[in-house]
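Enquirer: Next up, query_35.cif (mmCIF, C-alpha atoms and all ligand atoms).
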```
data_protein
#
loop_
_atom_site.label_atom_id
_atom_site.label_comp_id
_atom_site.auth_asym_id
_atom_site.auth_seq_id
_atom_site.Cartn_x
_atom_site.Cartn_y
_atom_site.Cartn_z
CA MET A 11 -35.09 -37.96 9.40
CA ARG A 12 -32.94 -40.86 10.45
CA ILE A 13 -30.87 -40.45 7.36
CA LEU A 14 -30.45 -36.77 8.03
CA PHE A 15 -28.70 -37.12 11.39
CA PRO A 16 -25.70 -39.05 10.10
CA LEU A 17 -25.64 -36.69 7.14
CA ILE A 18 -25.56 -33.64 9.39
CA ALA A 19 -22.94 -35.32 11.56
CA ALA A 20 -20.85 -36.07 8.47
CA LEU A 21 -21.23 -32.50 7.23
CA GLY A 22 -20.21 -31.29 10.65
CA LEU A 23 -17.06 -33.39 10.44
CA VAL A 24 -16.27 -32.04 6.99
CA ALA A 25 -16.87 -28.48 8.17
CA GLY A 26 -14.68 -29.19 11.21
CA ALA A 27 -11.91 -30.51 9.00
CA LEU A 28 -12.21 -27.52 6.69
CA SER A 29 -12.18 -25.03 9.52
CA VAL A 30 -8.59 -26.00 10.29
CA ALA A 31 -7.54 -24.52 6.96
CA GLN A 32 -9.86 -21.53 7.24
CA PRO A 33 -8.65 -18.15 8.50
CA GLU A 34 -8.51 -18.03 12.29
CA ASP A 35 -11.84 -16.93 13.74
CA SER A 36 -10.44 -14.61 16.35
CA PRO A 37 -6.69 -14.35 15.98
CA ALA A 38 -4.61 -13.16 18.93
CA PRO A 39 -4.63 -9.36 18.83
CA LEU A 40 -1.54 -7.36 17.95
CA LYS A 41 0.01 -4.43 19.71
CA ALA A 42 0.61 -1.31 17.61
CA GLY A 43 2.76 1.81 17.95
CA VAL A 44 2.98 4.80 15.67
CA ALA A 45 5.17 7.90 15.31
CA GLN A 46 6.16 10.64 12.88
CA GLN A 47 9.10 12.98 12.38
CA ILE A 48 9.68 15.87 9.99
CA ILE A 49 12.49 15.21 7.50
CA THR A 50 12.26 18.42 5.43
CA PRO A 51 15.84 19.57 4.77
CA ALA A 52 16.86 22.68 6.70
CA MET A 53 18.63 23.99 3.61
CA ASN A 54 17.53 24.43 0.02
CA MET A 55 19.09 21.33 -1.54
CA TRP A 56 18.91 20.18 -5.13
CA MET A 57 15.73 18.20 -5.65
CA ALA A 58 15.29 14.62 -6.85
CA GLY A 59 13.31 13.23 -9.76
CA TYR A 60 13.84 15.49 -12.77
CA ALA A 61 17.25 15.84 -14.37
CA SER A 62 16.04 19.02 -16.10
CA ARG A 63 15.95 21.12 -12.92
CA GLU A 64 18.56 23.88 -13.15
CA LYS A 65 18.49 25.19 -9.59
CA PRO A 66 18.00 23.98 -6.02
CA ALA A 67 14.81 24.16 -3.92
CA GLU A 68 13.37 27.54 -3.00
CA GLY A 69 11.49 26.66 0.18
CA LYS A 70 8.57 24.39 0.95
CA VAL A 71 4.81 24.22 0.54
CA GLN A 72 4.51 21.21 2.84
CA GLU A 73 6.70 19.38 5.36
CA LEU A 74 8.21 16.01 4.40
CA TYR A 75 7.82 13.16 6.91
CA ALA A 76 9.29 9.91 8.09
CA LYS A 77 6.58 7.86 9.77
CA ALA A 78 6.62 4.46 11.44
CA LEU A 79 4.00 1.88 12.32
CA ALA A 80 5.26 -0.90 14.61
CA LEU A 81 3.25 -4.10 15.11
CA GLU A 82 3.95 -6.81 17.70
CA ASP A 83 2.37 -10.26 18.06
CA VAL A 84 1.68 -12.15 21.32
CA ALA A 85 5.06 -13.88 21.10
CA GLY A 86 6.82 -10.48 20.98
CA LYS A 87 7.74 -10.69 17.27
CA ARG A 88 7.80 -7.21 15.76
CA PHE A 89 7.49 -5.70 12.30
CA VAL A 90 7.98 -2.00 11.52
CA PHE A 91 6.71 -0.15 8.44
CA VAL A 92 8.67 3.03 7.78
CA THR A 93 7.29 5.44 5.17
CA LEU A 94 9.25 8.37 3.80
CA ASP A 95 8.39 11.40 1.65
CA LEU A 96 11.45 10.82 -0.53
CA ILE A 97 12.24 9.82 -4.12
CA GLY A 98 13.48 6.35 -3.14
CA ILE A 99 15.43 4.25 -0.64
CA LEU A 100 19.10 4.26 -1.62
CA PRO A 101 20.76 0.86 -1.01
CA SER A 102 23.35 2.62 1.18
CA LEU A 103 20.58 4.05 3.40
CA ARG A 104 18.90 0.66 3.70
CA MET A 105 22.22 -1.00 4.60
CA ARG A 106 23.10 1.47 7.33
CA MET A 107 19.58 1.45 8.77
CA GLU A 108 19.64 -2.36 8.92
CA GLU A 109 22.79 -2.23 11.04
CA LYS A 110 21.61 0.59 13.31
CA VAL A 111 18.11 -0.81 13.83
CA GLN A 112 19.45 -4.27 14.65
CA LYS A 113 21.92 -2.82 17.14
CA ALA A 114 19.57 -0.34 18.84
CA TYR A 115 16.26 -2.19 18.73
CA GLY A 116 17.19 -5.83 18.07
CA LEU A 117 15.14 -5.90 14.85
CA PRO A 118 16.49 -8.21 12.12
CA PRO A 119 16.49 -6.93 8.49
CA GLU A 120 13.34 -8.89 7.56
CA SER A 121 11.36 -7.04 10.23
CA ILE A 122 11.75 -3.56 8.81
CA LEU A 123 10.18 -2.29 5.57
CA LEU A 124 11.33 1.08 4.18
CA ASN A 125 8.99 2.54 1.54
CA ALA A 126 9.40 5.83 -0.32
CA SER A 127 6.42 7.81 -1.61
CA HIS A 128 8.47 8.69 -4.73
CA THR A 129 7.67 12.39 -4.40
CA HIS A 130 9.64 14.35 -7.01
CA SER A 131 9.57 17.36 -4.67
CA GLY A 132 12.02 16.05 -2.09
CA PRO A 133 15.79 16.35 -1.72
CA GLU A 134 18.34 14.61 -3.94
CA TYR A 135 20.33 12.81 -1.25
CA ARG A 136 22.55 10.77 -3.57
CA VAL A 137 26.16 11.88 -3.28
CA GLU A 138 26.78 13.76 -6.53
CA LYS A 139 29.88 15.61 -7.64
CA GLY A 140 30.07 19.09 -6.17
CA ARG A 141 27.18 18.41 -3.76
CA GLU A 142 28.83 15.83 -1.52
CA LYS A 143 28.57 17.90 1.66
CA GLU A 144 24.82 18.62 1.46
CA ALA A 145 24.02 14.98 0.66
CA GLN A 146 26.14 13.71 3.54
CA GLU A 147 24.72 16.22 6.02
CA TYR A 148 21.14 15.49 4.98
CA THR A 149 21.67 11.72 5.12
CA ALA A 150 23.05 11.99 8.66
CA PHE A 151 19.98 14.06 9.68
CA LEU A 152 17.63 11.62 7.89
CA GLU A 153 19.12 8.57 9.59
CA GLU A 154 18.88 10.22 12.98
CA ARG A 155 15.20 11.06 12.38
CA MET A 156 14.49 7.55 11.08
CA MET A 157 16.07 5.99 14.18
CA LYS A 158 13.99 8.32 16.36
CA VAL A 159 10.71 7.55 14.56
CA ILE A 160 11.31 3.78 14.72
CA GLY A 161 12.24 4.00 18.41
CA ASP A 162 9.18 6.15 19.16
CA ALA A 163 6.84 3.71 17.37
CA ILE A 164 8.28 0.80 19.38
CA THR A 165 7.92 2.74 22.63
CA ASP A 166 4.30 3.50 21.65
CA LEU A 167 3.40 -0.23 21.30
CA LYS A 168 0.14 -0.95 23.11
CA PRO A 169 -2.96 -3.15 22.67
CA ALA A 170 -4.86 -2.33 19.50
CA ALA A 171 -7.50 -3.55 17.10
CA VAL A 172 -5.82 -3.87 13.70
CA SER A 173 -7.86 -4.48 10.58
CA TRP A 174 -7.50 -4.52 6.79
CA SER A 175 -9.93 -3.27 4.18
CA ARG A 176 -9.80 -1.66 0.78
CA SER A 177 -11.48 0.71 -1.58
CA ARG A 178 -10.70 2.18 -4.99
CA CYS A 179 -9.45 5.45 -6.40
CA GLY A 180 -9.32 6.38 -10.06
CA PHE A 181 -6.83 9.14 -10.89
CA ALA A 182 -3.91 6.80 -11.69
CA MET A 183 -3.70 5.97 -15.37
CA ASN A 184 -1.27 3.92 -17.39
CA ARG A 185 1.23 6.32 -18.98
CA ARG A 186 2.55 4.15 -21.83
CA LEU A 187 0.68 5.13 -24.99
CA PRO A 188 1.50 3.06 -28.09
CA SER A 189 2.37 5.13 -31.15
CA PRO A 190 3.91 4.38 -34.56
CA THR A 191 7.31 5.41 -33.17
CA GLY A 192 7.13 3.40 -29.95
CA TYR A 193 5.65 4.09 -26.53
CA GLN A 194 5.03 7.71 -25.56
CA ASN A 195 4.82 9.00 -21.99
CA SER A 196 1.16 9.98 -22.26
CA PRO A 197 -2.15 8.88 -20.65
CA ASN A 198 -3.34 5.53 -22.00
CA PRO A 199 -6.90 4.73 -20.87
CA ASP A 200 -6.55 1.19 -22.27
CA GLY A 201 -3.34 0.32 -20.39
CA PRO A 202 -3.31 -1.83 -17.22
CA VAL A 203 -3.87 -0.14 -13.85
CA ASP A 204 -4.42 -1.23 -10.25
CA HIS A 205 -6.86 1.13 -8.59
CA GLU A 206 -7.07 -0.72 -5.29
CA VAL A 207 -6.46 1.33 -2.13
CA PRO A 208 -5.36 -1.12 0.60
CA VAL A 209 -5.86 0.16 4.13
CA LEU A 210 -4.51 -1.13 7.44
CA GLN A 211 -6.31 0.57 10.29
CA VAL A 212 -5.23 0.79 13.95
CA VAL A 213 -7.88 1.52 16.56
CA SER A 214 -7.44 1.67 20.35
CA PRO A 215 -9.39 -0.80 22.55
CA GLU A 216 -11.65 2.16 23.41
CA GLY A 217 -12.47 2.66 19.73
CA GLN A 218 -10.24 5.67 19.05
CA ALA A 219 -8.67 5.67 15.55
CA ARG A 220 -4.88 5.88 16.03
CA ALA A 221 -3.37 5.29 12.62
CA VAL A 222 -3.98 4.25 9.05
CA LEU A 223 -1.42 2.78 6.65
CA PHE A 224 -2.66 3.02 3.08
CA GLY A 225 -1.38 2.45 -0.42
CA TYR A 226 -1.89 3.44 -4.03
CA ALA A 227 -0.05 2.56 -7.23
CA CYS A 228 0.62 5.90 -8.90
CA HIS A 229 3.69 8.04 -9.60
CA ASN A 230 3.79 10.82 -7.02
CA THR A 231 4.41 13.45 -9.67
CA CYS A 232 1.78 16.13 -9.96
CA LEU A 233 4.51 18.64 -9.14
CA GLY A 234 7.83 19.50 -10.72
CA GLU A 235 8.48 22.86 -9.08
CA PHE A 236 11.09 24.08 -6.64
CA GLN A 237 9.33 23.73 -3.29
CA TYR A 238 9.56 20.72 -1.01
CA CYS A 239 6.22 18.89 -0.96
CA GLY A 240 4.84 15.39 -0.42
CA ASP A 241 2.76 15.82 -3.64
CA TYR A 242 -0.66 14.07 -3.80
CA ALA A 243 0.44 11.45 -1.25
CA GLY A 244 1.55 14.21 1.14
CA TYR A 245 -1.84 15.90 0.85
CA ALA A 246 -3.75 12.62 1.25
CA GLN A 247 -1.89 12.03 4.53
CA GLU A 248 -2.39 15.64 5.65
CA TYR A 249 -6.16 15.53 4.97
CA LEU A 250 -6.57 12.26 6.87
CA GLN A 251 -4.75 13.70 9.87
CA GLU A 252 -6.11 17.25 9.92
CA ASN A 253 -9.27 16.68 11.98
CA ARG A 254 -8.02 13.74 14.01
CA PRO A 255 -5.68 14.96 16.76
CA GLY A 256 -2.79 12.56 17.43
CA PHE A 257 -3.75 10.36 14.46
CA VAL A 258 -1.03 9.32 11.98
CA ALA A 259 -1.66 8.49 8.31
CA LEU A 260 1.14 6.67 6.47
CA PHE A 261 1.40 6.13 2.69
CA MET A 262 3.11 3.31 0.76
CA ASN A 263 3.50 3.60 -3.00
CA GLY A 264 2.70 0.53 -5.12
CA CYS A 265 4.14 -0.86 -8.36
CA SER A 266 3.60 2.44 -10.13
CA GLY A 267 6.57 2.59 -12.50
CA ASP A 268 4.19 3.05 -15.46
CA GLN A 269 1.33 4.88 -13.70
CA ASN A 270 0.84 8.65 -13.57
CA PRO A 271 -1.70 10.91 -11.85
CA TYR A 272 -4.00 12.54 -14.40
CA PRO A 273 -4.81 15.30 -15.11
CA ARG A 274 -1.23 16.29 -14.50
CA ARG A 275 0.68 19.60 -14.66
CA GLY A 276 -0.58 23.18 -14.44
CA GLY A 277 -2.53 24.64 -17.34
CA VAL A 278 -3.88 21.30 -18.57
CA VAL A 279 -7.15 22.10 -16.80
CA PRO A 280 -7.93 25.82 -17.27
CA GLY A 281 -7.51 27.69 -14.01
CA LEU A 282 -5.81 24.85 -12.12
CA THR A 283 -2.13 24.86 -11.14
CA ALA A 284 -0.07 21.71 -10.62
CA LEU A 285 -0.38 22.32 -6.87
CA ASP A 286 -4.18 22.48 -7.19
CA LEU A 287 -4.10 19.08 -8.92
CA ALA A 288 -1.81 17.59 -6.23
CA LYS A 289 -4.33 18.71 -3.61
CA MET A 290 -7.32 17.42 -5.62
CA HIS A 291 -5.75 14.00 -6.19
CA GLY A 292 -4.70 13.98 -2.52
CA ARG A 293 -8.33 14.62 -1.59
CA SER A 294 -9.53 11.83 -3.90
CA LEU A 295 -7.12 9.40 -2.28
CA SER A 296 -7.93 10.49 1.28
CA ASN A 297 -11.64 10.10 0.46
CA ALA A 298 -10.98 6.55 -0.75
CA VAL A 299 -9.19 5.81 2.54
CA GLU A 300 -12.11 7.31 4.50
CA VAL A 301 -14.47 4.90 2.69
CA ALA A 302 -12.18 1.94 3.35
CA MET A 303 -12.27 2.85 7.04
CA GLN A 304 -16.08 2.43 6.95
CA VAL A 305 -16.52 -0.79 4.96
CA PRO A 306 -16.45 -4.33 6.48
CA LYS A 307 -12.94 -5.21 7.61
CA ARG A 308 -10.76 -8.26 8.00
CA VAL A 309 -9.31 -8.61 11.52
CA VAL A 310 -5.49 -8.64 11.43
CA GLY A 311 -3.85 -10.60 14.24
CA GLY A 312 -2.10 -13.87 15.04
CA ARG A 313 1.54 -14.53 14.27
CA ILE A 314 3.80 -12.07 12.49
CA ARG A 315 6.24 -13.73 10.10
CA ALA A 316 8.66 -12.00 7.76
CA ALA A 317 11.29 -12.91 5.19
CA TYR A 318 13.81 -10.75 3.32
CA GLU A 319 16.31 -11.74 0.68
CA LYS A 320 18.40 -10.12 -2.01
CA ILE A 321 18.54 -11.73 -5.43
CA SER A 322 21.03 -11.06 -8.19
CA LEU A 323 19.35 -9.55 -11.25
CA ASP A 324 21.25 -9.49 -14.54
CA TYR A 325 21.28 -6.89 -17.23
CA ALA A 326 21.17 -7.91 -20.89
CA PRO A 327 24.67 -9.04 -22.01
CA GLU A 328 25.09 -6.08 -24.41
CA LYS A 329 24.70 -3.65 -21.46
CA LYS A 330 27.92 -4.97 -19.92
CA ARG A 331 26.67 -3.95 -16.46
CA ALA A 332 27.34 -5.81 -13.22
CA PRO A 333 24.30 -7.63 -11.78
CA HIS A 334 22.17 -5.72 -9.28
CA LEU A 335 21.41 -7.04 -5.80
CA TYR A 336 17.66 -6.67 -5.54
CA PRO A 337 15.72 -6.96 -2.27
CA VAL A 338 12.44 -8.89 -1.99
CA GLN A 339 10.49 -8.85 1.26
CA VAL A 340 7.37 -10.63 2.47
CA ALA A 341 5.52 -10.03 5.74
CA ARG A 342 2.57 -12.13 6.82
CA PHE A 343 0.14 -11.09 9.53
CA GLY A 344 -1.71 -14.15 10.79
CA GLU A 345 -3.96 -15.58 8.12
CA ALA A 346 -5.37 -12.18 7.18
CA LEU A 347 -2.76 -10.24 5.24
CA THR A 348 0.43 -10.78 3.23
CA VAL A 349 2.51 -7.72 2.31
CA VAL A 350 4.97 -8.10 -0.58
CA ALA A 351 7.58 -5.32 -0.82
CA LEU A 352 9.60 -5.00 -4.03
CA GLY A 353 12.53 -2.68 -4.65
CA SER A 354 12.61 0.31 -7.01
CA GLU A 355 10.17 1.28 -9.73
CA THR A 356 8.34 -1.92 -10.61
CA THR A 357 5.62 -1.62 -13.25
CA ILE A 358 1.97 -2.41 -12.53
CA ASP A 359 2.06 -5.94 -14.00
CA TYR A 360 3.91 -7.09 -10.84
CA SER A 361 1.05 -5.96 -8.64
CA ILE A 362 -1.66 -7.48 -10.81
CA ARG A 363 0.19 -10.80 -11.28
CA LEU A 364 1.24 -11.29 -7.66
CA LYS A 365 -2.21 -10.51 -6.31
CA ARG A 366 -3.71 -12.97 -8.79
CA GLU A 367 -1.22 -15.70 -7.89
CA LEU A 368 -1.16 -15.15 -4.12
CA SER A 369 -4.60 -13.97 -2.98
CA LYS A 370 -6.18 -17.21 -1.91
CA ASP A 371 -6.92 -17.21 1.81
CA SER A 372 -5.00 -14.04 2.71
CA ALA A 373 -5.36 -10.52 1.32
CA THR A 374 -2.26 -9.50 -0.64
CA TRP A 375 -0.79 -6.00 -0.64
CA VAL A 376 2.03 -5.40 -3.13
CA VAL A 377 4.22 -2.32 -2.75
CA GLY A 378 7.12 -1.02 -4.84
CA TYR A 379 9.77 1.63 -4.04
CA SER A 380 10.88 -0.40 -1.01
CA ASN A 381 14.34 -1.05 0.42
CA ASP A 382 16.17 -0.15 -2.83
CA TYR A 383 16.33 2.48 -5.54
CA THR A 384 17.80 1.64 -8.90
CA GLY A 385 15.29 3.08 -11.38
CA TYR A 386 12.73 1.13 -13.40
CA VAL A 387 12.15 -2.60 -13.10
CA PRO A 388 9.81 -3.52 -15.97
CA SER A 389 7.73 -6.66 -16.34
CA LEU A 390 8.63 -8.93 -19.26
CA ARG A 391 5.76 -7.39 -21.27
CA VAL A 392 7.06 -3.83 -20.77
CA LEU A 393 10.65 -4.96 -21.33
CA LYS A 394 9.70 -6.47 -24.70
CA GLU A 395 7.54 -3.51 -25.72
CA GLY A 396 10.41 -1.12 -24.98
CA GLY A 397 10.13 2.58 -24.21
CA TYR A 398 11.10 4.72 -21.22
CA GLU A 399 10.50 2.18 -18.44
CA ALA A 400 12.52 -0.48 -20.31
CA GLN A 401 15.65 1.58 -20.92
CA ALA A 402 17.81 0.12 -18.13
CA GLY A 403 18.14 -3.02 -20.26
CA TRP A 404 17.46 -5.82 -17.77
CA ALA A 405 17.78 -9.43 -18.89
CA GLU A 406 14.51 -11.03 -19.96
CA ASP A 407 14.26 -13.23 -16.86
CA VAL A 408 13.90 -10.21 -14.53
CA GLU A 409 10.18 -10.71 -13.83
CA GLU A 410 10.42 -14.48 -13.41
CA ARG A 411 13.31 -14.20 -10.93
CA ILE A 412 11.50 -11.65 -8.80
CA VAL A 413 8.16 -13.50 -8.85
CA LYS A 414 9.85 -16.84 -8.06
CA LYS A 415 11.56 -15.31 -5.03
CA VAL A 416 8.30 -13.78 -3.83
CA HIS A 417 6.63 -17.21 -3.94
CA GLU A 418 9.55 -18.78 -2.06
CA LEU A 419 9.40 -16.13 0.66
CA VAL A 420 5.61 -16.40 0.93
CA GLU A 421 6.06 -20.15 1.49
CA GLU A 422 8.70 -19.43 4.11
CA THR A 423 6.29 -17.16 6.01
CA GLN A 424 3.58 -19.84 5.89
CA ARG A 425 5.66 -22.43 7.73
ZN ZN B 1 9.62 7.37 -11.19
#
```
Show me this structure written as structure tokens.
Ligand SMILES: [Zn+2]

Expert:
Amino acid sequence: MRILFPLIAALGLVAGALSVAQPEDSPAPLKAGVAQQIITPAMNMWMAGYASREKPAEGKVQELYAKALALEDVAGKRFVFVTLDLIGILPSLRMRMEEKVQKAYGLPPESILLNASHTHSGPEYRVEKGREKEAQEYTAFLEERMMKVIGDAITDLKPAAVSWSRSRCGFAMNRRLPSPTGYQNSPNPDGPVDHEVPVLQVVSPEGQARAVLFGYACHNTCLGEFQYCGDYAGYAQEYLQENRPGFVALFMNGCSGDQNPYPRRGGVVPGLTALDLAKMHGRSLSNAVEVAMQVPKRVVGGRIRAAYEKISLDYAPEKKRAPHLYPVQVARFGEALTVVALGSETTIDYSIRLKRELSKDSATWVVGYSNDYTGYVPSLRVLKEGGYEAQAGWAEDVEERIVKKVHELVEETQR
């Protein structure tokens, strides 16, 4: 017995020393604010995502949204997630929003994350020859709505219980199928996937669910028609909101450059249209979020820290293209959660690798389609294999440069 006391005391000391490095037991709670705005174009614009479309939109089957979730720590530091039912975030949009948001709300660039759902049933808002006026008019409308939704989310900031959890959803499949002539765009059940559904939930102090921010790594491309629609991600958000008055569901797409929803397209399953499949996959995803809202959760609180930097990515010398300025963003919420936001259409290897390298004490959530839109950004593996997602012709150090910057920014947010 006598021996045991010093032993217990020593163990206590060790446990005490360890607890310093452990996640905070009860981190200071955050405030949260949430808002949404419709961004469906008033006119039938040309649509984004498929070059083969020969005519503009012919109406809508669902509204498109800009949504915002603002979080604030006890020191008053804020971070705002903005999700958009759009093909991507054009660098020009990101640049102007940075200026406006800083001026109007005092938020620095690192404190705002813009993520696009990559719906292929939204407007083409790039300025293209012959369509300059509609792109300019829509962009002005979009920016006004984005400023409103960010402002409304900040105004809505109030005490909240914020938590993180996850579940899984299975309809995303790798779409790079090896064949004797190269890689075909076709379902590959043996290719890498990331089926995790990360969920950040906001509940009022009285226990009322206020918002859920969720993710999935899958191209948002069940549809290729001529009606505006949020596709499966739009339906997942709609289903989560439909029986919860005042509740807002926000979607962030992951590193889904090489991931498609399957089955895909009308006629593949007898009797089911493409729209039916968008709704079914939307229901699958909303069900996964519902489960994540029930499982044990990690409390999200403490300090908010964020870092944002653009790196210069080179193309292969034979491409003779100027380097691309590529944004990398990291946001850390106490000791509970680290969000990594990468630009454009990163392939799934980024998600798998970064989660493996970073998930030690904090949960890691990796999103793509954020803050930039310049087409596919393949991993080194995909770049070497070739095929559709490798066509841009990046230099072979593209993955290493991005991953290195992510690690640097994660370190910066840990200081
Ligand atoms: Zn795409």

Enquirer: When you draw a straight line from CA of Gly396 (chain A) to CA of Ala351 (chain A), how long is it in Å?

Expert: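 Answer for the CA of Gly396 (chain A) to CA of Ala351 (chain A) separation: 24.7 Å.
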
Enquirer: Can you tell me which residues come within 10 Å of ligand ZN 1 (chain B) when counting all atoms listed in the file, ideally as a PDB file with C-alpha atoms, in the coordinates of the input?

Expert:
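Contents of part_31.pdb, as written:
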```
ATOM      1  CA  GLY A  59      13.310  13.230  -9.760  1.00  0.00           C
ATOM      2  CA  TYR A  60      13.840  15.490 -12.770  1.00  0.00           C
ATOM      3  CA  ILE A  97      12.240   9.820  -4.120  1.00  0.00           C
ATOM      4  CA  GLY A  98      13.480   6.350  -3.140  1.00  0.00           C
ATOM      5  CA  HIS A 128       8.470   8.690  -4.730  1.00  0.00           C
ATOM      6  CA  THR A 129       7.670  12.390  -4.400  1.00  0.00           C
ATOM      7  CA  HIS A 130       9.640  14.350  -7.010  1.00  0.00           C
ATOM      8  CA  CYS A 228       0.620   5.900  -8.900  1.00  0.00           C
ATOM      9  CA  HIS A 229       3.690   8.040  -9.600  1.00  0.00           C
ATOM     10  CA  ASN A 230       3.790  10.820  -7.020  1.00  0.00           C
ATOM     11  CA  THR A 231       4.410  13.450  -9.670  1.00  0.00           C
ATOM     12  CA  SER A 266       3.600   2.440 -10.130  1.00  0.00           C
ATOM     13  CA  GLY A 267       6.570   2.590 -12.500  1.00  0.00           C
ATOM     14  CA  ASP A 268       4.190   3.050 -15.460  1.00  0.00           C
ATOM     15  CA  GLN A 269       1.330   4.880 -13.700  1.00  0.00           C
ATOM     16  CA  ASN A 270       0.840   8.650 -13.570  1.00  0.00           C
ATOM     17  CA  SER A 354      12.610   0.310  -7.010  1.00  0.00           C
ATOM     18  CA  GLU A 355      10.170   1.280  -9.730  1.00  0.00           C
ATOM     19  CA  THR A 356       8.340  -1.920 -10.610  1.00  0.00           C
ATOM     20  CA  TYR A 379       9.770   1.630  -4.040  1.00  0.00           C
ATOM     21  CA  GLY A 385      15.290   3.080 -11.380  1.00  0.00           C
ATOM     22  CA  TYR A 386      12.730   1.130 -13.400  1.00  0.00           C
ATOM     23  CA  GLU A 399      10.500   2.180 -18.440  1.00  0.00           C
TER      24      GLU A 399
END
```

Enquirer: Could you name the residues that touch Asp286 (chain A) at 10 Å or less, counting all atoms listed in the file, but leaving out those on the same chain fewer than 5 positions away, as number ranges by chain?

Expert: A: 232-233, 242, 275-276, 281, 291-292

Enquirer: So which residues touch Met303 (chain A) within 10 Å, counting only C-alpha atoms, skipping near sequence neighbours fewer than 6 positions away, as a PDB file with C-alpha atoms, in the frame of the given file?

Expert:
```
ATOM      1  CA  SER A 173      -7.860  -4.480  10.580  1.00  0.00           C
ATOM      2  CA  TRP A 174      -7.500  -4.520   6.790  1.00  0.00           C
ATOM      3  CA  SER A 175      -9.930  -3.270   4.180  1.00  0.00           C
ATOM      4  CA  ARG A 176      -9.800  -1.660   0.780  1.00  0.00           C
ATOM      5  CA  SER A 177     -11.480   0.710  -1.580  1.00  0.00           C
ATOM      6  CA  VAL A 209      -5.860   0.160   4.130  1.00  0.00           C
ATOM      7  CA  LEU A 210      -4.510  -1.130   7.440  1.00  0.00           C
ATOM      8  CA  GLN A 211      -6.310   0.570  10.290  1.00  0.00           C
ATOM      9  CA  ALA A 219      -8.670   5.670  15.550  1.00  0.00           C
ATOM     10  CA  VAL A 222      -3.980   4.250   9.050  1.00  0.00           C
ATOM     11  CA  ASN A 297     -11.640  10.100   0.460  1.00  0.00           C
TER      12      ASN A 297
END
```

Enquirer: Neighbours of Gln401 (chain A) within 12 Å (all atoms listed in the file; same-chain residues fewer than 3 positions away dropped), as a PDB file with C-alpha atoms, in the frame of the given file?

Expert:
```pdb
ATOM      1  CA  TYR A 193       5.650   4.090 -26.530  1.00  0.00           C
ATOM      2  CA  TYR A 325      21.280  -6.890 -17.230  1.00  0.00           C
ATOM      3  CA  ALA A 326      21.170  -7.910 -20.890  1.00  0.00           C
ATOM      4  CA  LYS A 329      24.700  -3.650 -21.460  1.00  0.00           C
ATOM      5  CA  GLY A 385      15.290   3.080 -11.380  1.00  0.00           C
ATOM      6  CA  TYR A 386      12.730   1.130 -13.400  1.00  0.00           C
ATOM      7  CA  VAL A 387      12.150  -2.600 -13.100  1.00  0.00           C
ATOM      8  CA  PRO A 388       9.810  -3.520 -15.970  1.00  0.00           C
ATOM      9  CA  VAL A 392       7.060  -3.830 -20.770  1.00  0.00           C
ATOM     10  CA  LEU A 393      10.650  -4.960 -21.330  1.00  0.00           C
ATOM     11  CA  LYS A 394       9.700  -6.470 -24.700  1.00  0.00           C
ATOM     12  CA  GLU A 395       7.540  -3.510 -25.720  1.00  0.00           C
ATOM     13  CA  GLY A 396      10.410  -1.120 -24.980  1.00  0.00           C
ATOM     14  CA  GLY A 397      10.130   2.580 -24.210  1.00  0.00           C
ATOM     15  CA  TYR A 398      11.100   4.720 -21.220  1.00  0.00           C
ATOM     16  CA  TRP A 404      17.460  -5.820 -17.770  1.00  0.00           C
ATOM     17  CA  ALA A 405      17.780  -9.430 -18.890  1.00  0.00           C
TER      18      ALA A 405
END
```

Enquirer: Between CA of Lys320 (chain A) and CA of Ala150 (chain A), what distance in Å does the model show, to one decimal?

Expert: 25.0 Å

Enquirer: Generate N, CA and C atoms for region 55-62 of chain A and emit them as a compact mmCIF listing (two decimals), in the coordinates of the input.

Expert:
```
# COMPACT_ATOMS: atom_id res chain seq x y z
N MET A 55 18.24 22.27 -0.79
CA MET A 55 19.09 21.33 -1.54
C MET A 55 18.60 21.22 -2.98
N TRP A 56 19.40 20.57 -3.81
CA TRP A 56 18.91 20.18 -5.13
C TRP A 56 17.83 19.13 -4.92
N MET A 57 16.87 19.08 -5.84
CA MET A 57 15.73 18.20 -5.65
C MET A 57 15.83 16.97 -6.57
N ALA A 58 15.16 15.91 -6.14
CA ALA A 58 15.29 14.62 -6.85
C ALA A 58 14.14 14.40 -7.81
N GLY A 59 14.38 13.70 -8.89
CA GLY A 59 13.31 13.23 -9.76
C GLY A 59 13.35 13.73 -11.19
N TYR A 60 13.78 14.96 -11.40
CA TYR A 60 13.84 15.49 -12.77
C TYR A 60 15.25 16.02 -13.03
N ALA A 61 15.89 15.42 -14.03
CA ALA A 61 17.25 15.84 -14.37
C ALA A 61 17.26 17.25 -14.96
N SER A 62 16.09 17.71 -15.43
CA SER A 62 16.04 19.02 -16.10
C SER A 62 16.06 20.21 -15.15
```
